[in-house]
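Visitor: File work.pdb follows (PDB, C-alpha atoms and all ligand atoms):
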```
ATOM      1  CA  MET C   1       0.000   0.000   0.000
ATOM      2  CA  SER C   2       1.278   3.445  -0.868
ATOM      3  CA  GLU C   3       1.224   6.211   1.669
ATOM      4  CA  THR C   4      -1.874   8.407   1.842
ATOM      5  CA  THR C   5      -2.018  12.174   2.350
ATOM      6  CA  PHE C   6      -5.762  12.512   2.927
ATOM      7  CA  GLN C   7      -8.222  10.107   4.448
ATOM      8  CA  VAL C   8     -11.812  11.197   4.009
ATOM      9  CA  ARG C   9     -14.413   9.374   6.078
ATOM     10  CA  GLY C  10     -18.163   9.823   5.931
ATOM     11  CA  LEU C  11     -17.966  13.368   4.616
ATOM     12  CA  ASN C  12     -21.282  15.135   4.065
ATOM     13  CA  LEU C  13     -21.424  18.742   2.947
ATOM     14  CA  PHE C  14     -24.365  21.124   2.866
ATOM     15  CA  TYR C  15     -24.904  24.542   1.352
ATOM     16  CA  GLY C  16     -27.745  25.734   3.558
ATOM     17  CA  ASP C  17     -30.392  23.004   3.249
ATOM     18  CA  LYS C  18     -28.973  21.630   0.063
ATOM     19  CA  GLN C  19     -26.683  18.649   0.412
ATOM     20  CA  ALA C  20     -23.810  18.685  -2.078
ATOM     21  CA  LEU C  21     -21.647  15.759  -0.874
ATOM     22  CA  PHE C  22     -23.013  12.450   0.426
ATOM     23  CA  ASP C  23     -20.979  10.143   2.644
ATOM     24  CA  VAL C  24     -17.722  10.532   0.753
ATOM     25  CA  ASN C  25     -14.999   8.075   1.707
ATOM     26  CA  MET C  26     -11.699   8.386  -0.049
ATOM     27  CA  ASP C  27      -7.982   7.997   0.481
ATOM     28  CA  ILE C  28      -5.712  10.241  -1.546
ATOM     29  CA  GLU C  29      -2.313   8.745  -2.219
ATOM     30  CA  SER C  30       0.848  10.753  -1.675
ATOM     31  CA  HIS C  31       3.100  11.700  -4.586
ATOM     32  CA  ALA C  32       0.504  10.727  -7.133
ATOM     33  CA  ILE C  33      -1.994  12.555  -9.299
ATOM     34  CA  THR C  34      -5.605  11.900  -8.400
ATOM     35  CA  ALA C  35      -8.137  13.103 -10.957
ATOM     36  CA  LEU C  36     -11.705  13.963  -9.962
ATOM     37  CA  ILE C  37     -14.142  13.484 -12.834
ATOM     38  CA  GLY C  38     -17.904  13.628 -13.244
ATOM     39  CA  PRO C  39     -20.612  15.761 -14.801
ATOM     40  CA  SER C  40     -20.926  19.446 -14.046
ATOM     41  CA  GLY C  41     -22.452  20.133 -10.633
ATOM     42  CA  CYS C  42     -21.578  16.725  -9.155
ATOM     43  CA  GLY C  43     -19.453  18.199  -6.355
ATOM     44  CA  LYS C  44     -15.874  18.011  -7.651
ATOM     45  CA  SER C  45     -14.962  21.610  -6.779
ATOM     46  CA  THR C  46     -16.829  21.383  -3.496
ATOM     47  CA  PHE C  47     -14.850  18.297  -2.538
ATOM     48  CA  LEU C  48     -11.571  19.865  -3.624
ATOM     49  CA  ARG C  49     -12.253  22.974  -1.527
ATOM     50  CA  THR C  50     -12.819  20.907   1.613
ATOM     51  CA  LEU C  51      -9.240  19.629   1.383
ATOM     52  CA  ASN C  52      -7.761  23.002   2.345
ATOM     53  CA  ARG C  53     -10.868  24.405   4.018
ATOM     54  CA  MET C  54     -11.590  26.895   1.272
ATOM     55  CA  ASN C  55     -15.276  26.143   1.890
ATOM     56  CA  ASP C  56     -14.883  28.011   5.194
ATOM     57  CA  LEU C  57     -15.181  31.125   3.070
ATOM     58  CA  ILE C  58     -18.718  30.161   2.030
ATOM     59  CA  GLU C  59     -21.011  31.183   4.807
ATOM     60  CA  SER C  60     -23.825  28.678   4.197
ATOM     61  CA  CYS C  61     -21.434  25.743   4.047
ATOM     62  CA  ARG C  62     -21.480  23.054   6.737
ATOM     63  CA  THR C  63     -19.814  19.646   6.901
ATOM     64  CA  THR C  64     -20.042  16.462   8.914
ATOM     65  CA  GLY C  65     -17.610  13.587   8.879
ATOM     66  CA  GLU C  66     -13.880  13.480   8.929
ATOM     67  CA  VAL C  67     -11.029  14.644   6.731
ATOM     68  CA  LEU C  68      -7.585  13.652   7.921
ATOM     69  CA  TYR C  69      -4.604  15.416   6.389
ATOM     70  CA  ARG C  70      -1.426  13.537   7.249
ATOM     71  CA  GLY C  71      -3.306  12.041  10.144
ATOM     72  CA  GLN C  72      -4.595  15.360  11.433
ATOM     73  CA  ASP C  73      -8.278  16.340  11.515
ATOM     74  CA  ILE C  74      -8.399  19.359   9.211
ATOM     75  CA  PHE C  75     -11.570  20.748  10.778
ATOM     76  CA  ALA C  76      -9.682  20.977  14.068
ATOM     77  CA  VAL C  77      -6.729  22.831  12.541
ATOM     78  CA  GLU C  78      -6.321  26.224  14.172
ATOM     79  CA  ASP C  79      -3.901  27.822  11.758
ATOM     80  CA  VAL C  80      -5.847  27.609   8.509
ATOM     81  CA  ASN C  81      -3.251  29.761   6.748
ATOM     82  CA  GLN C  82      -0.593  27.201   7.535
ATOM     83  CA  LEU C  83      -2.877  24.446   6.193
ATOM     84  CA  ARG C  84      -3.406  26.436   2.983
ATOM     85  CA  ARG C  85       0.324  26.926   2.569
ATOM     86  CA  GLU C  86       0.806  23.191   2.776
ATOM     87  CA  VAL C  87      -2.235  22.487   0.627
ATOM     88  CA  GLY C  88      -2.006  25.030  -2.176
ATOM     89  CA  MET C  89      -4.535  25.691  -4.893
ATOM     90  CA  VAL C  90      -4.603  26.582  -8.580
ATOM     91  CA  PHE C  91      -7.884  27.753 -10.050
ATOM     92  CA  GLN C  92      -9.722  27.344 -13.314
ATOM     93  CA  LYS C  93      -9.036  30.812 -14.647
ATOM     94  CA  PRO C  94      -5.451  31.969 -14.301
ATOM     95  CA  ASN C  95      -5.586  34.603 -11.554
ATOM     96  CA  PRO C  96      -2.153  36.152 -11.115
ATOM     97  CA  PHE C  97      -2.113  39.228  -8.916
ATOM     98  CA  PRO C  98      -1.928  42.467 -10.942
ATOM     99  CA  MET C  99       1.761  42.919 -10.187
ATOM    100  CA  SER C 100       5.094  41.758 -11.542
ATOM    101  CA  ILE C 101       5.959  38.107 -12.072
ATOM    102  CA  TYR C 102       8.575  38.426  -9.349
ATOM    103  CA  ASP C 103       6.136  39.971  -6.888
ATOM    104  CA  ASN C 104       3.498  37.322  -7.607
ATOM    105  CA  ILE C 105       5.888  34.610  -6.598
ATOM    106  CA  THR C 106       7.367  36.351  -3.564
ATOM    107  CA  PHE C 107       4.093  37.769  -2.241
ATOM    108  CA  ALA C 108       3.316  34.950   0.185
ATOM    109  CA  LEU C 109       6.966  34.574   1.185
ATOM    110  CA  LYS C 110       7.193  38.250   2.115
ATOM    111  CA  SER C 111       3.966  37.964   4.092
ATOM    112  CA  MET C 112       5.653  35.113   5.978
ATOM    113  CA  GLY C 113       8.436  37.537   6.864
ATOM    114  CA  ILE C 114      11.087  36.420   4.377
ATOM    115  CA  ARG C 115      12.924  39.561   3.284
ATOM    116  CA  ASP C 116      16.389  38.362   2.270
ATOM    117  CA  LYS C 117      16.672  39.207  -1.427
ATOM    118  CA  ARG C 118      19.045  36.335  -2.078
ATOM    119  CA  ILE C 119      16.526  33.845  -0.692
ATOM    120  CA  LEU C 120      13.663  35.465  -2.586
ATOM    121  CA  ASP C 121      15.623  35.510  -5.863
ATOM    122  CA  GLU C 122      16.554  31.911  -5.410
ATOM    123  CA  ARG C 123      12.965  30.889  -4.663
ATOM    124  CA  VAL C 124      11.665  32.780  -7.715
ATOM    125  CA  GLU C 125      14.160  31.055  -9.981
ATOM    126  CA  ARG C 126      13.466  27.614  -8.553
ATOM    127  CA  SER C 127       9.668  28.003  -8.691
ATOM    128  CA  LEU C 128       9.758  29.287 -12.260
ATOM    129  CA  LYS C 129      12.074  26.481 -13.330
ATOM    130  CA  GLN C 130       9.800  23.900 -11.756
ATOM    131  CA  SER C 131       6.888  25.502 -13.593
ATOM    132  CA  PHE C 132       8.666  25.321 -16.963
ATOM    133  CA  LEU C 133       8.497  29.089 -17.234
ATOM    134  CA  TRP C 134      12.000  30.287 -16.401
ATOM    135  CA  GLU C 135      13.285  30.101 -19.983
ATOM    136  CA  GLU C 136      10.425  32.241 -21.208
ATOM    137  CA  VAL C 137      10.409  34.946 -18.515
ATOM    138  CA  HIS C 138      13.799  35.116 -16.779
ATOM    139  CA  ASP C 139      14.624  38.440 -18.483
ATOM    140  CA  ARG C 140      11.224  40.013 -17.749
ATOM    141  CA  LEU C 141      10.585  39.186 -14.109
ATOM    142  CA  HIS C 142       9.576  42.758 -13.362
ATOM    143  CA  GLU C 143       6.908  42.941 -16.032
ATOM    144  CA  ASN C 144       3.277  42.697 -15.035
ATOM    145  CA  ALA C 145       2.148  39.065 -14.921
ATOM    146  CA  LEU C 146      -1.073  40.092 -16.639
ATOM    147  CA  SER C 147       0.913  40.885 -19.794
ATOM    148  CA  LEU C 148       1.682  37.170 -20.231
ATOM    149  CA  SER C 149      -0.362  34.720 -22.303
ATOM    150  CA  GLY C 150      -3.064  32.672 -20.565
ATOM    151  CA  GLY C 151      -0.897  29.574 -20.449
ATOM    152  CA  GLN C 152       2.031  31.520 -19.039
ATOM    153  CA  GLN C 153      -0.238  33.157 -16.463
ATOM    154  CA  GLN C 154      -1.408  29.727 -15.314
ATOM    155  CA  ARG C 155       2.230  28.643 -14.948
ATOM    156  CA  VAL C 156       2.858  31.792 -12.868
ATOM    157  CA  CYS C 157      -0.005  30.656 -10.648
ATOM    158  CA  ILE C 158       1.559  27.217 -10.337
ATOM    159  CA  ALA C 159       4.938  28.829  -9.563
ATOM    160  CA  ARG C 160       3.227  30.998  -6.950
ATOM    161  CA  ALA C 161       1.716  27.892  -5.352
ATOM    162  CA  ILE C 162       5.061  26.069  -5.394
ATOM    163  CA  ALA C 163       7.008  29.007  -3.965
ATOM    164  CA  VAL C 164       5.782  28.385  -0.418
ATOM    165  CA  GLU C 165       6.871  24.731  -0.662
ATOM    166  CA  PRO C 166       3.493  23.064  -0.260
ATOM    167  CA  LYS C 167       3.007  19.343   0.146
ATOM    168  CA  VAL C 168      -0.190  19.220  -1.896
ATOM    169  CA  ILE C 169      -1.407  21.157  -4.924
ATOM    170  CA  LEU C 170      -5.136  21.207  -5.609
ATOM    171  CA  MET C 171      -6.006  22.114  -9.182
ATOM    172  CA  ASP C 172      -9.538  22.937 -10.267
ATOM    173  CA  GLU C 173      -9.795  22.513 -14.042
ATOM    174  CA  PRO C 174      -6.482  24.333 -14.505
ATOM    175  CA  THR C 175      -6.473  24.040 -18.280
ATOM    176  CA  SER C 176     -10.107  24.646 -19.152
ATOM    177  CA  ALA C 177      -9.412  28.270 -20.149
ATOM    178  CA  LEU C 178      -6.303  27.373 -22.187
ATOM    179  CA  ASP C 179      -5.557  26.421 -25.781
ATOM    180  CA  PRO C 180      -4.428  22.849 -26.597
ATOM    181  CA  ILE C 181      -0.708  23.671 -26.691
ATOM    182  CA  SER C 182      -0.744  25.442 -23.327
ATOM    183  CA  THR C 183      -2.849  22.595 -21.994
ATOM    184  CA  ARG C 184      -0.266  19.997 -22.980
ATOM    185  CA  LYS C 185       2.468  22.098 -21.377
ATOM    186  CA  ILE C 186       0.584  22.233 -18.105
ATOM    187  CA  GLU C 187      -0.114  18.497 -18.285
ATOM    188  CA  GLU C 188       3.583  17.761 -18.792
ATOM    189  CA  LEU C 189       4.399  20.091 -15.951
ATOM    190  CA  VAL C 190       1.889  18.433 -13.620
ATOM    191  CA  ALA C 191       3.402  15.047 -14.436
ATOM    192  CA  THR C 192       6.837  16.247 -13.272
ATOM    193  CA  LEU C 193       5.430  17.808 -10.096
ATOM    194  CA  LYS C 194       4.113  14.595  -8.619
ATOM    195  CA  THR C 195       7.580  13.423  -7.647
ATOM    196  CA  GLN C 196       7.562  16.245  -5.097
ATOM    197  CA  TYR C 197       3.926  17.001  -4.460
ATOM    198  CA  THR C 198       0.626  15.237  -4.032
ATOM    199  CA  ILE C 199      -1.733  16.496  -6.703
ATOM    200  CA  VAL C 200      -5.515  16.475  -6.863
ATOM    201  CA  LEU C 201      -6.774  17.546 -10.266
ATOM    202  CA  VAL C 202     -10.392  18.302 -11.127
ATOM    203  CA  THR C 203     -11.000  17.904 -14.807
ATOM    204  CA  HIS C 204     -14.093  17.698 -16.983
ATOM    205  CA  ASN C 205     -11.873  16.353 -19.727
ATOM    206  CA  MET C 206     -11.740  12.581 -19.518
ATOM    207  CA  GLN C 207      -8.810  12.338 -21.925
ATOM    208  CA  GLN C 208      -6.894  14.567 -19.557
ATOM    209  CA  ALA C 209      -7.699  12.335 -16.601
ATOM    210  CA  ALA C 210      -6.703   9.261 -18.605
ATOM    211  CA  ARG C 211      -3.457  10.876 -19.810
ATOM    212  CA  CYS C 212      -2.318  12.501 -16.595
ATOM    213  CA  SER C 213      -3.504  10.761 -13.505
ATOM    214  CA  ASP C 214      -2.543   7.730 -11.467
ATOM    215  CA  TYR C 215      -5.893   7.482  -9.707
ATOM    216  CA  THR C 216      -9.337   8.640 -10.749
ATOM    217  CA  ALA C 217     -12.437   9.231  -8.658
ATOM    218  CA  PHE C 218     -15.793   9.374 -10.406
ATOM    219  CA  PHE C 219     -18.344  11.687  -8.800
ATOM    220  CA  LEU C 220     -22.044  11.666  -9.560
ATOM    221  CA  MET C 221     -24.616  13.899  -7.860
ATOM    222  CA  GLY C 222     -22.478  14.416  -4.790
ATOM    223  CA  GLU C 223     -21.442  10.804  -4.349
ATOM    224  CA  VAL C 224     -18.191   9.109  -5.145
ATOM    225  CA  ILE C 225     -19.287   6.189  -7.254
ATOM    226  CA  GLU C 226     -15.859   4.659  -7.601
ATOM    227  CA  LYS C 227     -12.209   5.466  -7.148
ATOM    228  CA  ASP C 228      -9.412   3.286  -8.373
ATOM    229  CA  ARG C 229      -6.268   3.304 -10.432
ATOM    230  CA  THR C 230      -6.942   5.337 -13.556
ATOM    231  CA  GLU C 231      -6.563   2.414 -15.930
ATOM    232  CA  VAL C 232      -9.134   0.453 -13.932
ATOM    233  CA  ILE C 233     -11.634   3.320 -14.021
ATOM    234  CA  PHE C 234     -11.241   3.706 -17.776
ATOM    235  CA  HIS C 235     -10.921   0.059 -18.801
ATOM    236  CA  SER C 236     -12.522  -2.176 -16.204
ATOM    237  CA  PRO C 237     -14.581  -0.180 -13.707
ATOM    238  CA  LYS C 238     -16.643  -2.089 -11.195
ATOM    239  CA  GLU C 239     -19.709   0.116 -11.494
ATOM    240  CA  GLN C 240     -21.933   0.273 -14.563
ATOM    241  CA  ARG C 241     -22.428   4.009 -14.025
ATOM    242  CA  THR C 242     -18.679   4.592 -14.196
ATOM    243  CA  HIS C 243     -18.513   2.560 -17.388
ATOM    244  CA  ASP C 244     -21.368   4.564 -18.894
ATOM    245  CA  TYR C 245     -19.730   7.860 -18.017
ATOM    246  CA  VAL C 246     -16.215   7.091 -19.202
ATOM    247  CA  THR C 247     -17.519   5.663 -22.462
ATOM    248  CA  GLY C 248     -19.459   8.864 -23.054
ATOM    249  CA  ARG C 249     -22.998   7.548 -22.621
ATOM    250  CA  PHE C 250     -23.886  10.532 -20.484
ATOM    251  CA  GLY C 251     -22.098  13.560 -19.334
TER     252      GLY C 251
HETATM  253  N1  LIG B 301     -21.176  28.541  -2.976
HETATM  254  C1  LIG B 301     -22.200  27.704  -3.205
HETATM  255  N2  LIG B 301     -23.399  27.931  -2.635
HETATM  256  C2  LIG B 301     -24.453  27.093  -2.855
HETATM  257  N3  LIG B 301     -24.399  26.004  -3.639
HETATM  258  C3  LIG B 301     -23.230  25.733  -4.239
HETATM  259  C4  LIG B 301     -22.079  26.564  -4.058
HETATM  260  N4  LIG B 301     -21.048  26.030  -4.780
HETATM  261  C5  LIG B 301     -21.550  24.915  -5.378
HETATM  262  N5  LIG B 301     -22.851  24.741  -5.059
HETATM  263  C6  LIG B 301     -23.742  23.628  -5.510
HETATM  264  O1  LIG B 301     -23.134  22.404  -5.116
HETATM  265  C7  LIG B 301     -23.246  21.438  -6.135
HETATM  266  C8  LIG B 301     -21.841  20.975  -6.540
HETATM  267  O2  LIG B 301     -21.181  22.053  -7.179
HETATM  268  P1  LIG B 301     -19.658  22.016  -7.588
HETATM  269  O3  LIG B 301     -18.877  21.453  -6.467
HETATM  270  O4  LIG B 301     -19.295  23.352  -8.089
HETATM  271  O5  LIG B 301     -19.676  20.950  -8.790
HETATM  272  P2  LIG B 301     -18.605  20.659  -9.939
HETATM  273  O6  LIG B 301     -17.320  21.305  -9.569
HETATM  274  O7  LIG B 301     -18.548  19.165 -10.010
HETATM  275  O8  LIG B 301     -19.194  21.219 -11.213
HETATM  276  C9  LIG B 301     -24.018  22.095  -7.272
HETATM  277  O9  LIG B 301     -25.362  21.755  -7.133
HETATM  278  C10 LIG B 301     -23.798  23.570  -7.021
HETATM  279  O10 LIG B 301     -24.879  24.315  -7.508
HETATM  280 MG    MG B 302     -16.224  22.769 -10.541
END
```
Could you show the structure in this file as structure tokens?
Guide:
Amino acid sequence: MSETTFQVRGLNLFYGDKQALFDVNMDIESHAITALIGPSGCGKSTFLRTLNRMNDLIESCRTTGEVLYRGQDIFAVEDVNQLRREVGMVFQKPNPFPMSIYDNITFALKSMGIRDKRILDERVERSLKQSFLWEEVHDRLHENALSLSGGQQQRVCIARAIAVEPKVILMDEPTSALDPISTRKIEELVATLKTQYTIVLVTHNMQQAARCSDYTAFFLMGEVIEKDRTEVIFHSPKEQRTHDYVTGRFG
């Protein structure tokens, strides 16, 4: 058995009276890419946001059940900022801050009190290299990140997430706003990141899940129907509903 980073047990989630997740049980393996697939509105983003308590920001949101992060109950965590540094997030639309590339990547570090320019420079270079962006931007670090292409902006966001040395990166449809070439670049990048990070990737693109992930969880109407190794989900799932979804019978 490989090591797990998250253990989710009996998780229910409600937005007001409306239940969005039903008795979710799932282990998320460390240093692997876990894809979350399923039709729109089935709870993928909701589930992803519970993993670093982003749902705390939604007032009507309530949960029952247990989410253990490295053995620790995340709902009992007091320093949510620390949790979110360890469990970073990349969103659907690239959302760099309206400031320079350099400042995007050092923003969180400075807020943690790191001021030494040598350390900051080094962290910027390392994060941009890991994000396959250094070659393209090393001579324009002080330009506004918003002047970059969409694909480059998304890699800035990944570099920004990496800069604080997280253990986990949550990605919510990170390529859905990108062209096919930028998408492939991000997919290649994600594949290299799993040696260092645990990655949970929401995607509505089944080819992407099949290409990129080690494990896939299939969500339907707030339930996890099945989670297994990706090749099992796509080639020999246990559940008929999984089979129907991955073969495109509904979606
Ligand atoms: N902030 C919110 N407030 C109320 N309902 C929400 C909120 N976010 C999502 N939902 C509802 O929860 C369900 C799951 O949504 P979501 O997690 O966004 O699905 P997915 O990411 O799979 O498309 C949907 O019915 C959606 O309308
Ligand atoms: Mg979503």
Visitor: Give me, as a VMD selection string, all polymer residues having an atom no more than 12 Å from stretch 115-125 of chain C, counting only C-alpha atoms and skipping those fewer than 6 positions away in the same chain.
Guide: chain C and resid 100 to 109 131 to 139 141 to 142 156 158 to 165
Visitor: Considering only C-alpha atoms, can you say which of C:Gln154, C:Ser111, C:Thr195, C:Thr50 comes closest to C:Ser176?
Guide: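 Nearest candidate to C:Ser176 out of C:Gln154, C:Ser111, C:Thr195, C:Thr50: C:Gln154.
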Visitor: With a distance cut-off of 9 Å and all atoms listed in the file, select the neighbouring residues of C:Ile199, excluding the residue or stretch itself and same-chain residues fewer than 5 positions from it, and output the selection as a PDB file with C-alpha atoms, in the coordinates of the input.
Guide:
```pdb
ATOM      1  CA  GLU C  29      -2.313   8.745  -2.219  1.00  0.00           C
ATOM      2  CA  SER C  30       0.848  10.753  -1.675  1.00  0.00           C
ATOM      3  CA  HIS C  31       3.100  11.700  -4.586  1.00  0.00           C
ATOM      4  CA  ALA C  32       0.504  10.727  -7.133  1.00  0.00           C
ATOM      5  CA  ILE C  33      -1.994  12.555  -9.299  1.00  0.00           C
ATOM      6  CA  THR C  34      -5.605  11.900  -8.400  1.00  0.00           C
ATOM      7  CA  ALA C  35      -8.137  13.103 -10.957  1.00  0.00           C
ATOM      8  CA  LYS C 167       3.007  19.343   0.146  1.00  0.00           C
ATOM      9  CA  VAL C 168      -0.190  19.220  -1.896  1.00  0.00           C
ATOM     10  CA  ILE C 169      -1.407  21.157  -4.924  1.00  0.00           C
ATOM     11  CA  LEU C 170      -5.136  21.207  -5.609  1.00  0.00           C
ATOM     12  CA  MET C 171      -6.006  22.114  -9.182  1.00  0.00           C
ATOM     13  CA  VAL C 190       1.889  18.433 -13.620  1.00  0.00           C
ATOM     14  CA  LEU C 193       5.430  17.808 -10.096  1.00  0.00           C
ATOM     15  CA  LYS C 194       4.113  14.595  -8.619  1.00  0.00           C
TER      16      LYS C 194
END
```
Visitor: Selected by the PyMOL selection byres (((not hetatm)) within 10 of (chain B and resi 301)) in the shown coordinates: which residues, as a PyMOL selection string?
Guide: chain C and resi 13-21+36-49+55+57-61+172-173+202-204+219-222
Visitor: In Å, how far is it from atom CA of C:Ile233 to atom CA of C:Gln208?
Guide: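 Between these atoms lies a distance of 13.4 Å.
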Visitor: Between atom CA of C:Leu201 and atom CA of C:Phe75, measure the distance and give it in Å to one decimal.
Guide: 21.8 Å
Visitor: I would like the residues chosen by the PyMOL selection byres (((chain C and resi 147-151) around 9) and not hetatm) on the shown file; could you give them as a PDB file with C-alpha atoms, keeping the file's coordinate frame?
Guide:
```pdb
ATOM      1  CA  LYS C  93      -9.036  30.812 -14.647  1.00  0.00           C
ATOM      2  CA  PRO C  94      -5.451  31.969 -14.301  1.00  0.00           C
ATOM      3  CA  GLU C 143       6.908  42.941 -16.032  1.00  0.00           C
ATOM      4  CA  ASN C 144       3.277  42.697 -15.035  1.00  0.00           C
ATOM      5  CA  ALA C 145       2.148  39.065 -14.921  1.00  0.00           C
ATOM      6  CA  LEU C 146      -1.073  40.092 -16.639  1.00  0.00           C
ATOM      7  CA  GLN C 152       2.031  31.520 -19.039  1.00  0.00           C
ATOM      8  CA  GLN C 153      -0.238  33.157 -16.463  1.00  0.00           C
ATOM      9  CA  GLN C 154      -1.408  29.727 -15.314  1.00  0.00           C
ATOM     10  CA  ARG C 155       2.230  28.643 -14.948  1.00  0.00           C
ATOM     11  CA  VAL C 156       2.858  31.792 -12.868  1.00  0.00           C
ATOM     12  CA  THR C 175      -6.473  24.040 -18.280  1.00  0.00           C
ATOM     13  CA  ALA C 177      -9.412  28.270 -20.149  1.00  0.00           C
ATOM     14  CA  LEU C 178      -6.303  27.373 -22.187  1.00  0.00           C
ATOM     15  CA  ASP C 179      -5.557  26.421 -25.781  1.00  0.00           C
ATOM     16  CA  ILE C 181      -0.708  23.671 -26.691  1.00  0.00           C
ATOM     17  CA  SER C 182      -0.744  25.442 -23.327  1.00  0.00           C
ATOM     18  CA  THR C 183      -2.849  22.595 -21.994  1.00  0.00           C
ATOM     19  CA  LYS C 185       2.468  22.098 -21.377  1.00  0.00           C
ATOM     20  CA  ILE C 186       0.584  22.233 -18.105  1.00  0.00           C
TER      21      ILE C 186
END
```
Visitor: Which residue out of C:Pro174, C:Leu11, C:Pro96, C:Val77 has the minimum interatomic distance to ligand MG 302 (chain B) when all atoms listed in the file are used?
Guide: C:Pro174
Visitor: May I ask for the distance between atom CA of C:Arg184 and atom CA of C:Thr4, given in Å to one decimal place?
Guide: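 These atoms are spaced 27.4 Å apart.
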Visitor: For ligand MG 302 (chain B), which residue among C:Leu128, C:Ala209, C:Thr192, C:Gln92 is the nearest when counting all atoms listed in the file?
Guide: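 Selected residue with least distance to ligand MG 302 (chain B): C:Gln92.
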Visitor: Can you give me, as number ranges by chain, the residues this file yields under the PyMOL selection byres (((chain C and resi 237) around 12) and not hetatm)?
Guide: C: 216-218, 225-236, 238-247
Visitor: Nearest to ligand MG 302 (chain B): which of C:Gly248, C:Glu86, C:Thr5, C:Phe91 is it, counting only C-alpha atoms and all ligand atoms?
Guide: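 Of C:Gly248, C:Glu86, C:Thr5, C:Phe91, the one nearest ligand MG 302 (chain B) is C:Phe91, counting only C-alpha atoms and all ligand atoms.
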Visitor: Complete stretch 59-70 of chain C at the level of N, CA, C and O atoms, written as a PDB file, keeping the file's coordinate frame.
Guide:
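rebuild-v9.pdb, written as the output of this step:
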```pdb
ATOM      1  N   GLU C  59     -20.325  31.078   3.533  1.00  0.00           N
ATOM      2  CA  GLU C  59     -21.011  31.183   4.807  1.00  0.00           C
ATOM      3  C   GLU C  59     -22.014  30.055   5.057  1.00  0.00           C
ATOM      4  O   GLU C  59     -22.112  29.531   6.166  1.00  0.00           O
ATOM      5  N   SER C  60     -22.752  29.661   4.011  1.00  0.00           N
ATOM      6  CA  SER C  60     -23.825  28.678   4.197  1.00  0.00           C
ATOM      7  C   SER C  60     -23.297  27.247   4.316  1.00  0.00           C
ATOM      8  O   SER C  60     -24.068  26.318   4.527  1.00  0.00           O
ATOM      9  N   CYS C  61     -21.984  27.090   4.183  1.00  0.00           N
ATOM     10  CA  CYS C  61     -21.434  25.743   4.047  1.00  0.00           C
ATOM     11  C   CYS C  61     -21.172  25.076   5.390  1.00  0.00           C
ATOM     12  O   CYS C  61     -20.593  25.674   6.301  1.00  0.00           O
ATOM     13  N   ARG C  62     -21.610  23.832   5.510  1.00  0.00           N
ATOM     14  CA  ARG C  62     -21.480  23.054   6.737  1.00  0.00           C
ATOM     15  C   ARG C  62     -21.050  21.638   6.374  1.00  0.00           C
ATOM     16  O   ARG C  62     -21.488  21.125   5.341  1.00  0.00           O
ATOM     17  N   THR C  63     -20.225  21.020   7.199  1.00  0.00           N
ATOM     18  CA  THR C  63     -19.814  19.646   6.901  1.00  0.00           C
ATOM     19  C   THR C  63     -19.992  18.755   8.120  1.00  0.00           C
ATOM     20  O   THR C  63     -19.958  19.226   9.264  1.00  0.00           O
ATOM     21  N   THR C  64     -20.177  17.473   7.868  1.00  0.00           N
ATOM     22  CA  THR C  64     -20.042  16.462   8.914  1.00  0.00           C
ATOM     23  C   THR C  64     -19.110  15.383   8.379  1.00  0.00           C
ATOM     24  O   THR C  64     -18.931  15.258   7.177  1.00  0.00           O
ATOM     25  N   GLY C  65     -18.553  14.629   9.294  1.00  0.00           N
ATOM     26  CA  GLY C  65     -17.610  13.587   8.879  1.00  0.00           C
ATOM     27  C   GLY C  65     -16.189  14.037   9.119  1.00  0.00           C
ATOM     28  O   GLY C  65     -15.947  15.038   9.791  1.00  0.00           O
ATOM     29  N   GLU C  66     -15.265  13.290   8.555  1.00  0.00           N
ATOM     30  CA  GLU C  66     -13.880  13.480   8.929  1.00  0.00           C
ATOM     31  C   GLU C  66     -12.985  13.587   7.700  1.00  0.00           C
ATOM     32  O   GLU C  66     -13.142  12.837   6.745  1.00  0.00           O
ATOM     33  N   VAL C  67     -12.084  14.562   7.743  1.00  0.00           N
ATOM     34  CA  VAL C  67     -11.029  14.644   6.731  1.00  0.00           C
ATOM     35  C   VAL C  67      -9.704  14.699   7.478  1.00  0.00           C
ATOM     36  O   VAL C  67      -9.451  15.647   8.216  1.00  0.00           O
ATOM     37  N   LEU C  68      -8.902  13.655   7.300  1.00  0.00           N
ATOM     38  CA  LEU C  68      -7.585  13.652   7.921  1.00  0.00           C
ATOM     39  C   LEU C  68      -6.555  14.040   6.879  1.00  0.00           C
ATOM     40  O   LEU C  68      -6.533  13.481   5.786  1.00  0.00           O
ATOM     41  N   TYR C  69      -5.725  15.016   7.234  1.00  0.00           N
ATOM     42  CA  TYR C  69      -4.604  15.416   6.389  1.00  0.00           C
ATOM     43  C   TYR C  69      -3.335  15.014   7.130  1.00  0.00           C
ATOM     44  O   TYR C  69      -3.100  15.521   8.228  1.00  0.00           O
ATOM     45  N   ARG C  70      -2.605  14.095   6.582  1.00  0.00           N
ATOM     46  CA  ARG C  70      -1.426  13.537   7.249  1.00  0.00           C
ATOM     47  C   ARG C  70      -1.754  13.178   8.702  1.00  0.00           C
ATOM     48  O   ARG C  70      -1.035  13.524   9.630  1.00  0.00           O
TER      49      ARG C  70
END
```
